[in-house]
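Notes follow once the structure below has been shown.
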Amino acid sequence: MDKFTFNISLSVLNHLGRNLYRNFITVLGEAISNSWDADAKNIWIYINQDKNYLIVKDDGKGMTSDDFQNKFLKIGYSKRKDGANRTESGRPFIGRKGIGKLALLSCAKRIHIVSKTKDTDFVGGIIDNRALDDAIDSDLNPQQYPLEDVKLNIFNSLKENFEKGTMVYFEDINDGIRNRVEYIRKLIALSFRFSLIDKSFKIHLNDDEITLNELNDLSLNTQFVWQINSIDDPYLKEKISATNEHIKQYNKVESSLPISGFIASVEKPSYLKIRQTTETVTVDLYVNGRLREKDLLKHIPSTRLVESYLYGQIHFNLFDDDIDRFTSSREGVISDDPLFKNFLEELNRIVQKLMKDWDDWRRQLNQDGDPDDTRITRKERKSRELFNTVVDEYIPPKSSANRSQVDNWVSTISEEAQFNLSSYAECFVSENLLRKYIREKNVNISKEAEKEFNKWKQKEEQDKDKANISFDIRDKVDNLHYLSMDHLANLADMHKEHKKTALSRDAIVYKPVRDAMAHTAILTQLAKQSLNTTFENIKARIKKLLEQQEV
């Protein structure tokens, strides 16, 4: 084989950032992108965690000796020279500046590279990073550091029927391969959309093709989907389309910017966690099918609960123009880029809209919504959340034949429950506070009140006898606990300092509606209005009583 050298000063090579790439997925991303740009139909990735090596093989067009020396080893060589932005087969180029290959050249102790075209024999070499470090320290020029000759027998098991393409063997990966293979499979499926969108390009991990099925658990736990503009995406069509039963709402959002993609919401935030890892699925930015920025929502000034339920893929190919808008590590967009700022403003508008949809749709499903959405009161929201918690124990499993009918029944009483539960809480608080006030003021118990609590005490004892109950039902038995608001209001009005509060007048109207509600009846609209209005008066008067300082 020919002798090959880097086509750049070794010190410049070092300063470009040989150690920037610490993320194993970033390394895989560069390898996959190179294969895509080489018009490969297949890329095979082999990972051996025990022996700490990685092999990447593709069936792309391969490299001649001249290609390997003057393109691959020329850091900064761009495939887009002379205005070309697509491969011979018409794919959009992923690579830009030719420095992403630094991820490949510095991620392991030794990198063995071989490549061939249909009409040429194998070419390649070995990059020994320890020897390269010594050469840089000794200030050698590129010609004084030739690559080692590659030994083809390393690739013996992969050379059979190998007509063209490139193979890279990463020996002794820096920091080891810590991620589980299952995790790597899912992350590849999530991160490299072009591999799933273009059926002519397939990614194999340890000889098992990566497909949309890697994302089944994510798609099955997806509730809501917002499609942004038009997009041809198999994940949307096959896994989370509007026709799938598990998708509860599917909405389309228009944008004036040439954005496409989707944002989706799962039923619980835990469903966004990738098992046995600390990784979370997020809303990510893709440019020409390649992941360019993870977790876009971190750029949006919001701390809403909704965000912890969202994932998605936003495609914006305008970032792939004559301006290099990406960070030196190629793992994000430069934050103060004007086009990126404009893009984030539009994304923020979209997210603000879907947050309102999310809250409405969650409440329709009797699930907790967004506590920061002030379109309903905090009291109404908490009442609905209590109802959701209680009713959840009554819902049959999804496989039950009665599930649909029970869901409908629950839906019909959910609005009434929201009103009744909050009203009951108001009754409980107001009446018990009034009892404490009466005790504190040492109000004399009237004969009428005494007659009332004796009646209910006797009734309670009779009911206990029928039920054969010998234990106490009421904790800290107190005669006042046998009195409801009408009698409590009369006692409070008897206190000489506060006769003007006239609680009893409202309590007369309050009692029949309160009793119906306490007996779990569903109230008419007029009854609800009466209860609300009357209770506002009672609450205001009780608050006034409680604000008094004198005993």
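Chain labels run A, B, ... following the order of the structure tokens; each chain numbers its residues from 1, and ligands are numbered from 1 in the order shown.
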
Write out as a PDB file with C-alpha atoms, in the first residue's frame the residues lying within 12 Å of stretch 58-63 of chain A, counting only C-alpha atoms and excluding same-chain residues fewer than 6 positions away.
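Now in out-v6.pdb:
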ATOM      1  CA  ALA A  31     -19.528   7.618  10.812  1.00  0.00           C
ATOM      2  CA  ILE A  32     -23.147   7.301   9.683  1.00  0.00           C
ATOM      3  CA  SER A  33     -23.057  10.738   8.029  1.00  0.00           C
ATOM      4  CA  ASN A  34     -19.911   9.819   6.074  1.00  0.00           C
ATOM      5  CA  SER A  35     -21.570   6.640   4.811  1.00  0.00           C
ATOM      6  CA  TRP A  36     -24.682   8.583   3.816  1.00  0.00           C
ATOM      7  CA  ASP A  37     -22.584  11.119   1.904  1.00  0.00           C
ATOM      8  CA  ALA A  38     -20.752   8.240   0.194  1.00  0.00           C
ATOM      9  CA  ASP A  39     -24.080   7.020  -1.242  1.00  0.00           C
ATOM     10  CA  ALA A  40     -23.959   3.822   0.800  1.00  0.00           C
ATOM     11  CA  LYS A  41     -27.070   1.674   0.866  1.00  0.00           C
ATOM     12  CA  ASN A  42     -26.031  -0.078   4.056  1.00  0.00           C
ATOM     13  CA  ILE A  43     -23.904   0.651   7.058  1.00  0.00           C
ATOM     14  CA  TRP A  44     -22.975  -2.104   9.484  1.00  0.00           C
ATOM     15  CA  ILE A  45     -21.913  -1.214  13.011  1.00  0.00           C
ATOM     16  CA  TYR A  46     -20.303  -3.823  15.229  1.00  0.00           C
ATOM     17  CA  GLN A  69      -4.826  11.243   0.712  1.00  0.00           C
ATOM     18  CA  ASN A  70      -6.368  14.424  -0.635  1.00  0.00           C
ATOM     19  CA  LYS A  71      -9.918  14.211   0.701  1.00  0.00           C
ATOM     20  CA  PHE A  72     -10.171  12.011   3.777  1.00  0.00           C
ATOM     21  CA  LEU A  73      -6.817  13.000   5.310  1.00  0.00           C
ATOM     22  CA  THR A  87     -24.461  13.254  -3.717  1.00  0.00           C
ATOM     23  CA  GLU A  88     -24.402  11.559  -7.112  1.00  0.00           C
ATOM     24  CA  SER A  89     -27.653   9.761  -6.219  1.00  0.00           C
ATOM     25  CA  ILE A 113      -9.085   2.461   7.906  1.00  0.00           C
ATOM     26  CA  VAL A 114      -9.438   0.600   4.592  1.00  0.00           C
ATOM     27  CA  SER A 115     -11.450   1.544   1.525  1.00  0.00           C
ATOM     28  CA  LYS A 116     -11.848   0.542  -2.109  1.00  0.00           C
ATOM     29  CA  THR A 117     -13.842   1.492  -5.171  1.00  0.00           C
ATOM     30  CA  LYS A 118     -15.211  -0.947  -7.742  1.00  0.00           C
ATOM     31  CA  ASP A 119     -12.158  -0.414  -9.949  1.00  0.00           C
ATOM     32  CA  THR A 120      -9.363  -0.161  -7.369  1.00  0.00           C
ATOM     33  CA  ASP A 121      -7.769  -2.271  -4.679  1.00  0.00           C
ATOM     34  CA  PHE A 122      -7.807  -1.550  -0.944  1.00  0.00           C
ATOM     35  CA  VAL A 123      -6.106   1.608   0.326  1.00  0.00           C
ATOM     36  CA  GLY A 124      -5.791   2.839   3.873  1.00  0.00           C
ATOM     37  CA  LEU A 158     -15.874  -8.520   6.686  1.00  0.00           C
ATOM     38  CA  LYS A 159     -14.037  -8.616   3.335  1.00  0.00           C
ATOM     39  CA  ASN A 161     -18.034 -10.182  -1.241  1.00  0.00           C
ATOM     40  CA  PHE A 162     -16.893  -6.653  -0.457  1.00  0.00           C
ATOM     41  CA  GLU A 163     -16.946  -4.860  -3.828  1.00  0.00           C
ATOM     42  CA  LYS A 164     -16.682  -1.259  -2.686  1.00  0.00           C
ATOM     43  CA  GLY A 165     -16.988   0.899   0.398  1.00  0.00           C
ATOM     44  CA  THR A 166     -15.083   1.734   3.560  1.00  0.00           C
ATOM     45  CA  MET A 167     -14.322  -0.122   6.784  1.00  0.00           C
ATOM     46  CA  VAL A 168     -13.019   1.462   9.985  1.00  0.00           C
ATOM     47  CA  SER A 200     -32.460   2.989   0.322  1.00  0.00           C
ATOM     48  CA  PHE A 201     -30.246   3.505   3.388  1.00  0.00           C
ATOM     49  CA  LYS A 202     -30.214   0.926   6.163  1.00  0.00           C
ATOM     50  CA  ILE A 203     -28.315   0.880   9.446  1.00  0.00           C
ATOM     51  CA  HIS A 204     -27.415  -2.460  11.031  1.00  0.00           C
TER      52      HIS A 204
END

Inset, instruction - Name the residues in contact with stretch 500-511 of chain A at a cut-off of 9 Å, using only C-alpha atoms, excluding same-chain residues fewer than 4 positions from it; report them as a list in words. - result: Ser484, Met485, Asp486, His487, Leu488, Ala489, Asn490, Leu491, Ala492, Asp493, Asp515, Ala516, Ser530, Leu531, Thr534, Phe535, Asn537, Ile538, Arg541, Ile542, Lys544 and Leu545 of chain A

Could you please take those selected residues and save C-alpha atoms as a PDB file, in the first residue's frame?
ATOM      1  CA  SER A 484     -74.774  22.065  59.946  1.00  0.00           C
ATOM      2  CA  MET A 485     -74.348  25.576  58.600  1.00  0.00           C
ATOM      3  CA  ASP A 486     -77.871  26.872  59.375  1.00  0.00           C
ATOM      4  CA  HIS A 487     -77.618  26.136  63.122  1.00  0.00           C
ATOM      5  CA  LEU A 488     -73.945  27.138  63.294  1.00  0.00           C
ATOM      6  CA  ALA A 489     -74.807  30.445  61.635  1.00  0.00           C
ATOM      7  CA  ASN A 490     -77.557  31.120  64.205  1.00  0.00           C
ATOM      8  CA  LEU A 491     -75.093  30.505  67.051  1.00  0.00           C
ATOM      9  CA  ALA A 492     -72.468  32.776  65.477  1.00  0.00           C
ATOM     10  CA  ASP A 493     -75.064  35.518  65.014  1.00  0.00           C
ATOM     11  CA  ASP A 515     -77.596  19.054  51.599  1.00  0.00           C
ATOM     12  CA  ALA A 516     -78.325  17.920  48.052  1.00  0.00           C
ATOM     13  CA  SER A 530     -77.363  29.870  44.128  1.00  0.00           C
ATOM     14  CA  LEU A 531     -74.773  27.847  46.035  1.00  0.00           C
ATOM     15  CA  THR A 534     -74.598  32.308  48.785  1.00  0.00           C
ATOM     16  CA  PHE A 535     -71.320  30.742  49.703  1.00  0.00           C
ATOM     17  CA  ASN A 537     -71.443  35.821  51.096  1.00  0.00           C
ATOM     18  CA  ILE A 538     -70.924  33.228  53.839  1.00  0.00           C
ATOM     19  CA  ARG A 541     -68.640  36.952  56.615  1.00  0.00           C
ATOM     20  CA  ILE A 542     -66.684  34.079  58.157  1.00  0.00           C
ATOM     21  CA  LYS A 544     -64.565  38.898  58.712  1.00  0.00           C
ATOM     22  CA  LEU A 545     -65.308  37.019  61.933  1.00  0.00           C
TER      23      LEU A 545
END

Inset, instruction - Run DSSP on the backbone and give me the residues of stretch 67-235 of chain A it puts in strand (DSSP E), as an MDAnalysis selection string. - result: chainID A and resid 108:116 123:128 165:173 202:205 208:209 222:228

Legend entry - Shell of 8 Å around stretch 269-285 of chain A, only C-alpha atoms, local chain residues under 4 positions omitted, as a VMD selection string: chain A and resid 183 218 221 263 291 to 297 308 to 316

Since we have the selection now, will you write its residues out, keeping N, CA and C atoms, as an mmCIF file, in the first residue's frame?
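Printed below is again.cif as written:
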data_model
loop_
_atom_site.group_PDB
_atom_site.id
_atom_site.type_symbol
_atom_site.label_atom_id
_atom_site.label_comp_id
_atom_site.auth_asym_id
_atom_site.auth_seq_id
_atom_site.Cartn_x
_atom_site.Cartn_y
_atom_site.Cartn_z
ATOM 1 N N TYR A 183 -29.745 0.548 24.298
ATOM 2 C CA TYR A 183 -29.819 2.013 24.341
ATOM 3 C C TYR A 183 -29.270 2.617 23.051
ATOM 4 N N LEU A 218 -42.227 3.947 22.872
ATOM 5 C CA LEU A 218 -42.461 5.393 22.874
ATOM 6 C C LEU A 218 -43.756 5.728 22.146
ATOM 7 N N ASN A 221 -47.086 4.873 23.963
ATOM 8 C CA ASN A 221 -47.402 5.710 25.124
ATOM 9 C C ASN A 221 -47.599 7.174 24.747
ATOM 10 N N ILE A 263 -44.394 17.592 17.176
ATOM 11 C CA ILE A 263 -44.170 17.529 18.615
ATOM 12 C C ILE A 263 -45.264 16.625 19.163
ATOM 13 N N LEU A 291 -29.483 14.921 13.187
ATOM 14 C CA LEU A 291 -29.650 15.602 14.471
ATOM 15 C C LEU A 291 -28.580 16.671 14.627
ATOM 16 N N ARG A 292 -29.024 17.908 14.919
ATOM 17 C CA ARG A 292 -28.077 19.021 15.067
ATOM 18 C C ARG A 292 -28.151 19.695 16.428
ATOM 19 N N GLU A 293 -29.268 19.557 17.133
ATOM 20 C CA GLU A 293 -29.388 20.174 18.461
ATOM 21 C C GLU A 293 -30.408 19.388 19.262
ATOM 22 N N LYS A 294 -29.979 18.857 20.394
ATOM 23 C CA LYS A 294 -30.898 18.143 21.271
ATOM 24 C C LYS A 294 -31.576 19.110 22.235
ATOM 25 N N ASP A 295 -32.811 18.763 22.602
ATOM 26 C CA ASP A 295 -33.569 19.483 23.620
ATOM 27 C C ASP A 295 -33.714 20.965 23.291
ATOM 28 N N LEU A 296 -34.436 21.239 22.225
ATOM 29 C CA LEU A 296 -34.663 22.626 21.802
ATOM 30 C C LEU A 296 -35.401 23.443 22.847
ATOM 31 N N LEU A 297 -36.246 22.805 23.656
ATOM 32 C CA LEU A 297 -37.070 23.550 24.595
ATOM 33 C C LEU A 297 -36.244 24.232 25.678
ATOM 34 N N SER A 308 -42.207 18.563 30.269
ATOM 35 C CA SER A 308 -41.676 17.261 30.691
ATOM 36 C C SER A 308 -42.417 16.101 30.034
ATOM 37 N N TYR A 309 -43.489 16.397 29.287
ATOM 38 C CA TYR A 309 -44.263 15.367 28.586
ATOM 39 C C TYR A 309 -43.959 15.334 27.084
ATOM 40 N N LEU A 310 -43.171 16.278 26.588
ATOM 41 C CA LEU A 310 -43.049 16.468 25.143
ATOM 42 C C LEU A 310 -41.773 15.867 24.552
ATOM 43 N N TYR A 311 -41.916 15.360 23.344
ATOM 44 C CA TYR A 311 -40.757 14.990 22.531
ATOM 45 C C TYR A 311 -41.111 15.306 21.080
ATOM 46 N N GLY A 312 -40.140 15.314 20.216
ATOM 47 C CA GLY A 312 -40.457 15.591 18.822
ATOM 48 C C GLY A 312 -39.233 15.831 17.979
ATOM 49 N N GLN A 313 -39.492 16.090 16.718
ATOM 50 C CA GLN A 313 -38.419 16.323 15.754
ATOM 51 C C GLN A 313 -38.803 17.495 14.868
ATOM 52 N N ILE A 314 -37.981 18.524 14.912
ATOM 53 C CA ILE A 314 -38.222 19.731 14.130
ATOM 54 C C ILE A 314 -37.162 19.815 13.044
ATOM 55 N N HIS A 315 -37.607 19.853 11.788
ATOM 56 C CA HIS A 315 -36.687 19.921 10.654
ATOM 57 C C HIS A 315 -36.665 21.351 10.111
ATOM 58 N N PHE A 316 -35.443 21.887 9.975
ATOM 59 C CA PHE A 316 -35.302 23.252 9.456
ATOM 60 C C PHE A 316 -34.031 23.289 8.614
#

Inset, instruction - For atom CA of A:Glu238 and atom CA of A:Thr222, quote the distance in Å rounded to one decimal. - result: 12.9 Å

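The smallest atom-to-atom distance between A:Val351 and any of A:Thr327, A:Ser414, A:Asn432, A:Ser255, using only C-alpha atoms, is found for A:Ser255.
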
Inset, instruction - Name the residues of stretch 341-480 of chain A that fall into alpha helix (DSSP H) according to DSSP on the backbone, using the chain letters and numbers of this document, as a PyMOL selection string. - result: chain A and resi 341-364+378-391+403-440+447-466

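Taking atom CA of A:Lys528 and atom CA of A:Ile413 as endpoints, the distance between them is 14.8 Å.
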
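Closest approach to A:Asn206 among A:Leu421, A:Leu339, A:Leu347, A:Val181 is made by A:Val181 (distances from only C-alpha atoms).
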